[in-house]
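S.K.: Please find one structure pasted underneath; my questions will follow.
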Amino acid sequence: MAQMGNVKAPLPFPVIDISPFTNNGTAPHRERCAKEIASACSDHGFFYVVGHGIPASITDHVLGLARCFFLESTDDDKVAIARKNPGDGNGDGARGHQRIGDNVTGGRRDWHEAVDFYAEVPDTSGPPYELLKGPNLWPRHPPELRKTLEEYVELVKAVGQAIVKAMGVALELGDDEDIFVRNTFNSFWVMRMIGYPGLDRDDVDGFSCGEHSDYGCITLLLADSTKGALQVQTKNGDWVDANPLEGAFVVNIGDMMERWTNGLWKSTRHRVVHRGENFRVSVPFFFEPDWDARIVPLEKCVERTGGQRIGEEVVYGEHLVSKVKGNFY
Ligand SMILES: N=C(N)NCCCC[C@H](N)C(=O)O
Ligand SMILES: O=C(O)CCC(=O)C(=O)O
Ligand SMILES: [Fe+2]
């Protein structure tokens, strides 16, 4: 008889080895990988990525430093990098630290604290900066956090580039195969460090992060080993746990990829419900289009989805601003 202890819950999404695209693989390997991406994207909008080449020593260090920031910084350390309210004359509105309850999703407060970093846009006008301009606000504690995370951004960006390259191949776009690569050369990426204390036991309908879709191309989620926190909505409306897989990123599709593919690939809705005793840490990296990228449904995808366009052109920066404006209490 099978022992209960050996029974592993099956993973809800395919595990895809991206190394043919990060490491210049052979044509057959690239083709097989692209096929796997095509089915994962049309069936789920979520998949696990292995073979990305970022060593566990680095991802563990990133998570460890994020945890250390949340749990060991003083209040003053956090206030020093607090997100400034746009329009208060004090500058930058979206970067920096957000306390528990500052974030809102679907009109309700989320139960997490976070620090948001964005690609830096050269802006010589000085403070006050517009909502998404200005410099990042880096924690002073722990001291090596900034350097480690800046190095991590370069590595994870390269993985993002490899995945969107594979996505263009997966869609068999012909001349447009590099459309996603071309529109992410200057990716206006976002990286969040998120800290989740467990929800209160009696807060039965609370959310650590409410149901939403992500905004851009793809999200590469790095999370600690906590299970049962990230939940993903399936095509029939059920919610499944997207538990972490050691050494893998959980990757999902954002709104711009849905627009490009005319809904062939959906930006799948997900949420976080963390009821455990432990403090959960995650560091999603949002690999997004260029700030001024114009996203238009691709002709080939329109044909494959019945010929009807689901939407017109979107400028990514405008989509992002409209979302971010509604994200704070
Ligand atoms: N760039 C992204 N996806 N950031 C995380 C978004 C979390 C949900 C957000 N409060 C909302 O209501 O959309
Ligand atoms: O922490 C997680 O597992 C996911 C967070 C998330 O969905 C987001 O920040 O967009
Ligand atoms: Fe998300």
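As shown in the structure tokens, the chain order sets the letters A, B, ...; within each chain, residues go from 1, and ligands are also counted from 1 in the order they appear.
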Could you give me the residues within 7 Å of ligand 3, counting only C-alpha atoms and all ligand atoms, as a ChimeraX atom specification?

M.R.: /A:212-214,270-271

S.K.: Which protein, DNA or RNA residues have an atom within 8 Å of ligand 1, counting only C-alpha atoms and all ligand atoms, as a PDB file with N, CA, C and O atoms, in the first residue's frame?

M.R.:
```
ATOM      1  N   ASN A 103      -1.618  48.651   0.347  1.00  0.00           N
ATOM      2  CA  ASN A 103      -1.977  48.158  -0.990  1.00  0.00           C
ATOM      3  C   ASN A 103      -3.440  47.737  -1.044  1.00  0.00           C
ATOM      4  O   ASN A 103      -3.969  47.167  -0.090  1.00  0.00           O
ATOM      5  N   VAL A 104      -4.033  48.025  -2.191  1.00  0.00           N
ATOM      6  CA  VAL A 104      -5.450  47.731  -2.382  1.00  0.00           C
ATOM      7  C   VAL A 104      -5.605  46.913  -3.659  1.00  0.00           C
ATOM      8  O   VAL A 104      -4.966  47.191  -4.669  1.00  0.00           O
ATOM      9  N   THR A 105      -6.438  45.894  -3.589  1.00  0.00           N
ATOM     10  CA  THR A 105      -6.776  45.125  -4.795  1.00  0.00           C
ATOM     11  C   THR A 105      -8.286  44.905  -4.797  1.00  0.00           C
ATOM     12  O   THR A 105      -8.845  44.472  -3.781  1.00  0.00           O
ATOM     13  N   GLY A 106      -8.922  45.238  -5.911  1.00  0.00           N
ATOM     14  CA  GLY A 106     -10.376  45.068  -6.001  1.00  0.00           C
ATOM     15  C   GLY A 106     -11.107  45.823  -4.893  1.00  0.00           C
ATOM     16  O   GLY A 106     -12.113  45.350  -4.367  1.00  0.00           O
ATOM     17  N   GLY A 107     -10.573  46.998  -4.509  1.00  0.00           N
ATOM     18  CA  GLY A 107     -11.247  47.826  -3.517  1.00  0.00           C
ATOM     19  C   GLY A 107     -11.025  47.401  -2.071  1.00  0.00           C
ATOM     20  O   GLY A 107     -11.566  48.014  -1.155  1.00  0.00           O
ATOM     21  N   ASP A 110      -4.911  44.806   0.991  1.00  0.00           N
ATOM     22  CA  ASP A 110      -4.139  43.560   0.984  1.00  0.00           C
ATOM     23  C   ASP A 110      -3.365  43.443   2.297  1.00  0.00           C
ATOM     24  O   ASP A 110      -2.972  44.447   2.881  1.00  0.00           O
ATOM     25  N   VAL A 190       9.418  45.784 -13.316  1.00  0.00           N
ATOM     26  CA  VAL A 190       9.081  46.073 -11.925  1.00  0.00           C
ATOM     27  C   VAL A 190       9.540  44.890 -11.085  1.00  0.00           C
ATOM     28  O   VAL A 190       9.366  43.743 -11.494  1.00  0.00           O
ATOM     29  N   ARG A 192       9.109  43.548  -7.073  1.00  0.00           N
ATOM     30  CA  ARG A 192       8.526  43.787  -5.748  1.00  0.00           C
ATOM     31  C   ARG A 192       9.156  42.826  -4.749  1.00  0.00           C
ATOM     32  O   ARG A 192       9.255  41.634  -5.029  1.00  0.00           O
ATOM     33  N   CYS A 209      -3.185  39.040  -0.869  1.00  0.00           N
ATOM     34  CA  CYS A 209      -3.219  39.878  -2.076  1.00  0.00           C
ATOM     35  C   CYS A 209      -4.456  39.428  -2.847  1.00  0.00           C
ATOM     36  O   CYS A 209      -4.590  38.246  -3.167  1.00  0.00           O
ATOM     37  N   GLY A 210      -5.344  40.350  -3.119  1.00  0.00           N
ATOM     38  CA  GLY A 210      -6.613  40.001  -3.761  1.00  0.00           C
ATOM     39  C   GLY A 210      -6.439  39.548  -5.205  1.00  0.00           C
ATOM     40  O   GLY A 210      -5.365  39.709  -5.808  1.00  0.00           O
ATOM     41  N   GLU A 211      -7.510  38.995  -5.720  1.00  0.00           N
ATOM     42  CA  GLU A 211      -7.518  38.457  -7.091  1.00  0.00           C
ATOM     43  C   GLU A 211      -7.201  39.542  -8.123  1.00  0.00           C
ATOM     44  O   GLU A 211      -7.766  40.626  -8.086  1.00  0.00           O
ATOM     45  N   HIS A 212      -6.286  39.232  -9.030  1.00  0.00           N
ATOM     46  CA  HIS A 212      -5.898  40.205 -10.056  1.00  0.00           C
ATOM     47  C   HIS A 212      -5.198  39.494 -11.215  1.00  0.00           C
ATOM     48  O   HIS A 212      -4.856  38.316 -11.110  1.00  0.00           O
ATOM     49  N   SER A 213      -4.982  40.231 -12.291  1.00  0.00           N
ATOM     50  CA  SER A 213      -4.073  39.766 -13.336  1.00  0.00           C
ATOM     51  C   SER A 213      -2.862  40.685 -13.298  1.00  0.00           C
ATOM     52  O   SER A 213      -2.935  41.801 -12.778  1.00  0.00           O
ATOM     53  N   ASP A 214      -1.729  40.225 -13.846  1.00  0.00           N
ATOM     54  CA  ASP A 214      -0.549  41.090 -13.920  1.00  0.00           C
ATOM     55  C   ASP A 214      -0.637  41.919 -15.198  1.00  0.00           C
ATOM     56  O   ASP A 214      -1.422  41.632 -16.089  1.00  0.00           O
ATOM     57  N   TYR A 215       0.201  42.978 -15.274  1.00  0.00           N
ATOM     58  CA  TYR A 215      -0.105  44.035 -16.244  1.00  0.00           C
ATOM     59  C   TYR A 215       0.611  43.945 -17.587  1.00  0.00           C
ATOM     60  O   TYR A 215       0.189  44.548 -18.555  1.00  0.00           O
ATOM     61  N   GLY A 216       1.754  43.244 -17.614  1.00  0.00           N
ATOM     62  CA  GLY A 216       2.591  43.390 -18.790  1.00  0.00           C
ATOM     63  C   GLY A 216       2.747  42.127 -19.608  1.00  0.00           C
ATOM     64  O   GLY A 216       1.767  41.553 -20.077  1.00  0.00           O
ATOM     65  N   THR A 219       5.464  37.460 -15.730  1.00  0.00           N
ATOM     66  CA  THR A 219       5.954  37.588 -14.361  1.00  0.00           C
ATOM     67  C   THR A 219       6.803  36.373 -14.039  1.00  0.00           C
ATOM     68  O   THR A 219       6.401  35.245 -14.353  1.00  0.00           O
ATOM     69  N   GLY A 254       0.893  38.257 -18.561  1.00  0.00           N
ATOM     70  CA  GLY A 254       0.251  39.511 -18.176  1.00  0.00           C
ATOM     71  C   GLY A 254      -0.678  40.054 -19.263  1.00  0.00           C
ATOM     72  O   GLY A 254      -0.795  39.485 -20.356  1.00  0.00           O
ATOM     73  N   PHE A 286       8.513  41.473 -12.716  1.00  0.00           N
ATOM     74  CA  PHE A 286       7.588  41.667 -13.830  1.00  0.00           C
ATOM     75  C   PHE A 286       8.399  42.134 -15.035  1.00  0.00           C
ATOM     76  O   PHE A 286       8.940  43.244 -15.035  1.00  0.00           O
ATOM     77  N   LEU A 320      -0.081  50.857 -17.443  1.00  0.00           N
ATOM     78  CA  LEU A 320       0.548  50.710 -16.126  1.00  0.00           C
ATOM     79  C   LEU A 320       0.101  51.829 -15.182  1.00  0.00           C
ATOM     80  O   LEU A 320      -0.277  51.582 -14.036  1.00  0.00           O
ATOM     81  N   LYS A 323      -3.328  51.384 -13.845  1.00  0.00           N
ATOM     82  CA  LYS A 323      -3.389  50.333 -12.821  1.00  0.00           C
ATOM     83  C   LYS A 323      -2.787  50.811 -11.502  1.00  0.00           C
ATOM     84  O   LYS A 323      -3.377  50.643 -10.436  1.00  0.00           O
ATOM     85  N   VAL A 324      -1.584  51.393 -11.589  1.00  0.00           N
ATOM     86  CA  VAL A 324      -0.862  51.749 -10.362  1.00  0.00           C
ATOM     87  C   VAL A 324      -1.624  52.816  -9.564  1.00  0.00           C
ATOM     88  O   VAL A 324      -1.622  52.793  -8.336  1.00  0.00           O
ATOM     89  N   GLY A 326      -4.622  53.001  -8.954  1.00  0.00           N
ATOM     90  CA  GLY A 326      -5.660  52.408  -8.104  1.00  0.00           C
ATOM     91  C   GLY A 326      -5.119  51.424  -7.086  1.00  0.00           C
ATOM     92  O   GLY A 326      -5.892  50.718  -6.438  1.00  0.00           O
ATOM     93  N   ASN A 327      -3.781  51.369  -6.931  1.00  0.00           N
ATOM     94  CA  ASN A 327      -3.199  50.319  -6.103  1.00  0.00           C
ATOM     95  C   ASN A 327      -2.966  50.685  -4.649  1.00  0.00           C
ATOM     96  O   ASN A 327      -2.531  49.837  -3.875  1.00  0.00           O
ATOM     97  N   PHE A 328      -3.197  51.962  -4.312  1.00  0.00           N
ATOM     98  CA  PHE A 328      -2.863  52.370  -2.933  1.00  0.00           C
ATOM     99  C   PHE A 328      -4.071  52.910  -2.202  1.00  0.00           C
ATOM    100  O   PHE A 328      -4.937  53.558  -2.797  1.00  0.00           O
TER     101      PHE A 328
END
```

S.K.: Residues within 10 Å of ligand 2, counting only C-alpha atoms and all ligand atoms: report them as a ChimeraX atom specification.

M.R.: /A:112,114,116,190-196,208-215,219-224,226-232,242-244,250,252,254,269-274,280-286

S.K.: Pull the helix (DSSP H, G or I) assignments for region 44-268 of chain A out of DSSP run on the backbone, and list those residues as a PyMOL selection string.

M.R.: chain A and resi 56-72+75-80+145-170+174-176+179-182+255-260

S.K.: Might you pull out every residue within 9 Å of Thr59 (chain A), with only C-alpha atoms counted and same-chain residues fewer than 3 positions away left off, and present them as a ChimeraX atom specification?

M.R.: /A:54-56,62-64,152,222,247

S.K.: Would you compute the distance between CA of Pro143 (chain A) and CA of His61 (chain A)? Give it in Å to one decimal.

M.R.: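 One can read the CA of Pro143 (chain A) to CA of His61 (chain A) distance as 12.9 Å.
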
S.K.: Ranking A:Leu145, A:Ala248, A:Leu11, A:Ile253 by minimum distance to Gly53 (chain A) and counting only C-alpha atoms, which one comes first?

M.R.: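 Ranking A:Leu145, A:Ala248, A:Leu11, A:Ile253 by distance to Gly53 (chain A), first place goes to A:Ala248.
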
S.K.: So which residues of region 49-126 of chain A fall under strand (DSSP E) by DSSP, listed as a PyMOL selection string?

M.R.: chain A and resi 49-50+96-98+104-105+108-109+113-118

S.K.: With distances taken over only C-alpha atoms, which of A:Phe180, A:Trp291, A:Phe70, A:Trp189 is nearest to Phe117 (chain A)?

M.R.: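 The closest residue to Phe117 (chain A) is A:Trp189.
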
S.K.: Looking at A:Phe188, A:Tyr329, A:Trp260, A:Phe13, which one is nearest to Arg83 (chain A), with distances taken over only C-alpha atoms?

M.R.: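 The answer is A:Tyr329, which sits nearest to Arg83 (chain A).
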
S.K.: Name all residues at most 8 Å from Phe185 (chain A) (count only C-alpha atoms; drop same-chain ones fewer than 2 positions away) and give them as a PyMOL selection string.

M.R.: chain A and resi 181-183+187+289-290

S.K.: Which residues of region 170-212 of chain A come within 10 Å of region 30-40 of chain A, and what is each one's closest atom pair and distance in Å (one decimal), counting only C-alpha atoms, sorted by chain and residue number, as JSON lines?

M.R.:
```
{"residue": "A:Ala170", "atom": "CA", "partner": "A:Ala34", "partner_atom": "CA", "distance": 4.5}
{"residue": "A:Leu171", "atom": "CA", "partner": "A:Ala38", "partner_atom": "CA", "distance": 6.7}
{"residue": "A:Glu172", "atom": "CA", "partner": "A:Ala34", "partner_atom": "CA", "distance": 9.3}
```

S.K.: What would the file look like if the residues just selected were written as a PDB file, in the first residue's frame with all heavy atoms?

M.R.:
```pdb
ATOM      1  N   ALA A 170       6.943  30.117 -30.300  1.00  0.00           N
ATOM      2  CA  ALA A 170       5.795  29.258 -29.965  1.00  0.00           C
ATOM      3  C   ALA A 170       4.561  29.648 -30.773  1.00  0.00           C
ATOM      4  O   ALA A 170       3.766  28.795 -31.156  1.00  0.00           O
ATOM      5  CB  ALA A 170       5.494  29.358 -28.465  1.00  0.00           C
ATOM      6  N   LEU A 171       4.399  30.942 -31.035  1.00  0.00           N
ATOM      7  CA  LEU A 171       3.206  31.407 -31.744  1.00  0.00           C
ATOM      8  C   LEU A 171       3.354  31.309 -33.264  1.00  0.00           C
ATOM      9  O   LEU A 171       2.421  31.651 -33.991  1.00  0.00           O
ATOM     10  CB  LEU A 171       2.895  32.859 -31.356  1.00  0.00           C
ATOM     11  CG  LEU A 171       2.282  33.070 -29.968  1.00  0.00           C
ATOM     12  CD1 LEU A 171       2.330  34.550 -29.586  1.00  0.00           C
ATOM     13  CD2 LEU A 171       0.846  32.558 -29.914  1.00  0.00           C
ATOM     14  N   GLU A 172       4.523  30.854 -33.725  1.00  0.00           N
ATOM     15  CA  GLU A 172       4.780  30.724 -35.166  1.00  0.00           C
ATOM     16  C   GLU A 172       4.420  32.014 -35.897  1.00  0.00           C
ATOM     17  O   GLU A 172       3.581  32.021 -36.798  1.00  0.00           O
ATOM     18  CB  GLU A 172       4.014  29.523 -35.738  1.00  0.00           C
ATOM     19  CG  GLU A 172       4.426  28.229 -35.038  1.00  0.00           C
ATOM     20  CD  GLU A 172       3.639  26.998 -35.509  1.00  0.00           C
ATOM     21  OE1 GLU A 172       2.626  27.170 -36.220  1.00  0.00           O
ATOM     22  OE2 GLU A 172       4.060  25.883 -35.162  1.00  0.00           O
TER      23      GLU A 172
END
```

S.K.: In Å, how far is it from CA of Asp292 (chain A) to CA of Tyr316 (chain A)?

M.R.: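 Straight-line distance from CA of Asp292 (chain A) to CA of Tyr316 (chain A) works out to 6.1 Å.
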
S.K.: From the set A:Arg67, A:Lys157, A:Arg304, A:Lys78, which residue has the shortest atom-to-atom contact distance to Leu173 (chain A), counting only C-alpha atoms?

M.R.: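 Closest residue, counting only C-alpha atoms: A:Arg304.
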
S.K.: To one decimal in Å, tell me the separation between CA of Lys8 (chain A) and CA of Asp43 (chain A).

M.R.: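 Here the two named atoms are 22.5 Å from each other.
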
S.K.: With a distance cut-off of 8 Å and only C-alpha atoms, select the neighbouring residues of region 300-303 of chain A, excluding the residue or stretch itself and same-chain residues fewer than 4 positions from it, and output the selection as a PDB file with all heavy atoms, in the first residue's frame.

M.R.:
```pdb
ATOM      1  N   LEU A 173       5.077  33.095 -35.469  1.00  0.00           N
ATOM      2  CA  LEU A 173       4.697  34.416 -35.969  1.00  0.00           C
ATOM      3  C   LEU A 173       5.408  34.827 -37.251  1.00  0.00           C
ATOM      4  O   LEU A 173       5.211  35.932 -37.741  1.00  0.00           O
ATOM      5  CB  LEU A 173       4.950  35.475 -34.880  1.00  0.00           C
ATOM      6  CG  LEU A 173       4.054  35.357 -33.642  1.00  0.00           C
ATOM      7  CD1 LEU A 173       4.459  36.397 -32.600  1.00  0.00           C
ATOM      8  CD2 LEU A 173       2.579  35.520 -34.006  1.00  0.00           C
ATOM      9  N   TRP A 260      -1.715  41.210 -27.160  1.00  0.00           N
ATOM     10  CA  TRP A 260      -0.965  40.863 -28.370  1.00  0.00           C
ATOM     11  C   TRP A 260      -1.549  39.617 -29.045  1.00  0.00           C
ATOM     12  O   TRP A 260      -1.640  39.523 -30.256  1.00  0.00           O
ATOM     13  CB  TRP A 260       0.497  40.579 -28.013  1.00  0.00           C
ATOM     14  CG  TRP A 260       1.462  41.673 -28.328  1.00  0.00           C
ATOM     15  CD1 TRP A 260       1.497  42.444 -29.458  1.00  0.00           C
ATOM     16  CD2 TRP A 260       2.563  42.098 -27.514  1.00  0.00           C
ATOM     17  NE1 TRP A 260       2.560  43.312 -29.398  1.00  0.00           N
ATOM     18  CE2 TRP A 260       3.227  43.124 -28.218  1.00  0.00           C
ATOM     19  CE3 TRP A 260       3.057  41.703 -26.265  1.00  0.00           C
ATOM     20  CZ2 TRP A 260       4.371  43.768 -27.719  1.00  0.00           C
ATOM     21  CZ3 TRP A 260       4.174  42.345 -25.774  1.00  0.00           C
ATOM     22  CH2 TRP A 260       4.822  43.369 -26.491  1.00  0.00           C
ATOM     23  N   THR A 261      -1.892  38.616 -28.205  1.00  0.00           N
ATOM     24  CA  THR A 261      -2.343  37.331 -28.763  1.00  0.00           C
ATOM     25  C   THR A 261      -3.851  37.316 -28.999  1.00  0.00           C
ATOM     26  O   THR A 261      -4.415  36.270 -29.312  1.00  0.00           O
ATOM     27  CB  THR A 261      -1.968  36.156 -27.833  1.00  0.00           C
ATOM     28  OG1 THR A 261      -2.639  36.324 -26.577  1.00  0.00           O
ATOM     29  CG2 THR A 261      -0.463  36.082 -27.599  1.00  0.00           C
ATOM     30  N   ASN A 262      -4.491  38.461 -28.811  1.00  0.00           N
ATOM     31  CA  ASN A 262      -5.943  38.582 -28.996  1.00  0.00           C
ATOM     32  C   ASN A 262      -6.700  37.557 -28.141  1.00  0.00           C
ATOM     33  O   ASN A 262      -7.721  37.015 -28.560  1.00  0.00           O
ATOM     34  CB  ASN A 262      -6.312  38.414 -30.481  1.00  0.00           C
ATOM     35  CG  ASN A 262      -7.624  39.120 -30.828  1.00  0.00           C
ATOM     36  OD1 ASN A 262      -7.843  40.264 -30.427  1.00  0.00           O
ATOM     37  ND2 ASN A 262      -8.504  38.439 -31.542  1.00  0.00           N
ATOM     38  N   LEU A 264      -5.743  34.610 -27.195  1.00  0.00           N
ATOM     39  CA  LEU A 264      -5.335  33.202 -27.364  1.00  0.00           C
ATOM     40  C   LEU A 264      -4.635  32.746 -26.085  1.00  0.00           C
ATOM     41  O   LEU A 264      -4.835  31.632 -25.607  1.00  0.00           O
ATOM     42  CB  LEU A 264      -4.377  33.121 -28.556  1.00  0.00           C
ATOM     43  CG  LEU A 264      -3.970  31.757 -29.074  1.00  0.00           C
ATOM     44  CD1 LEU A 264      -5.174  31.010 -29.623  1.00  0.00           C
ATOM     45  CD2 LEU A 264      -2.904  31.919 -30.167  1.00  0.00           C
ATOM     46  N   GLY A 307     -11.120  35.992 -35.863  1.00  0.00           N
ATOM     47  CA  GLY A 307     -11.181  37.166 -36.718  1.00  0.00           C
ATOM     48  C   GLY A 307     -11.663  38.442 -36.048  1.00  0.00           C
ATOM     49  O   GLY A 307     -11.624  39.518 -36.644  1.00  0.00           O
ATOM     50  N   GLN A 308     -12.131  38.334 -34.801  1.00  0.00           N
ATOM     51  CA  GLN A 308     -12.656  39.519 -34.099  1.00  0.00           C
ATOM     52  C   GLN A 308     -11.585  40.059 -33.147  1.00  0.00           C
ATOM     53  O   GLN A 308     -11.094  39.318 -32.290  1.00  0.00           O
ATOM     54  CB  GLN A 308     -13.882  39.080 -33.286  1.00  0.00           C
ATOM     55  CG  GLN A 308     -14.859  40.188 -32.965  1.00  0.00           C
ATOM     56  CD  GLN A 308     -15.661  40.632 -34.185  1.00  0.00           C
ATOM     57  OE1 GLN A 308     -15.863  39.844 -35.113  1.00  0.00           O
ATOM     58  NE2 GLN A 308     -16.073  41.879 -34.177  1.00  0.00           N
ATOM     59  N   ARG A 309     -11.256  41.346 -33.261  1.00  0.00           N
ATOM     60  CA  ARG A 309     -10.280  41.926 -32.323  1.00  0.00           C
ATOM     61  C   ARG A 309     -10.897  42.130 -30.952  1.00  0.00           C
ATOM     62  O   ARG A 309     -11.990  42.681 -30.869  1.00  0.00           O
ATOM     63  CB  ARG A 309      -9.842  43.303 -32.824  1.00  0.00           C
ATOM     64  CG  ARG A 309      -8.760  43.244 -33.798  1.00  0.00           C
ATOM     65  CD  ARG A 309      -8.568  44.581 -34.488  1.00  0.00           C
ATOM     66  NE  ARG A 309      -7.815  44.318 -35.682  1.00  0.00           N
ATOM     67  CZ  ARG A 309      -6.479  44.259 -35.700  1.00  0.00           C
ATOM     68  NH1 ARG A 309      -5.796  44.530 -34.613  1.00  0.00           N
ATOM     69  NH2 ARG A 309      -5.840  43.948 -36.791  1.00  0.00           N
TER      70      ARG A 309
END
```

S.K.: For Ile58 (chain A), which of A:Asp241, A:Asp175, A:Glu151, A:Glu144 is the closest residue, counting only C-alpha atoms?

M.R.: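 Between A:Asp241, A:Asp175, A:Glu151, A:Glu144, the residue approaching Ile58 (chain A) most closely is A:Glu151.
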
S.K.: Pick the closest to Asn24 (chain A) from A:Arg108, A:Lys266, A:Lys147, A:Lys165: which is it, counting only C-alpha atoms?

M.R.: A:Lys165
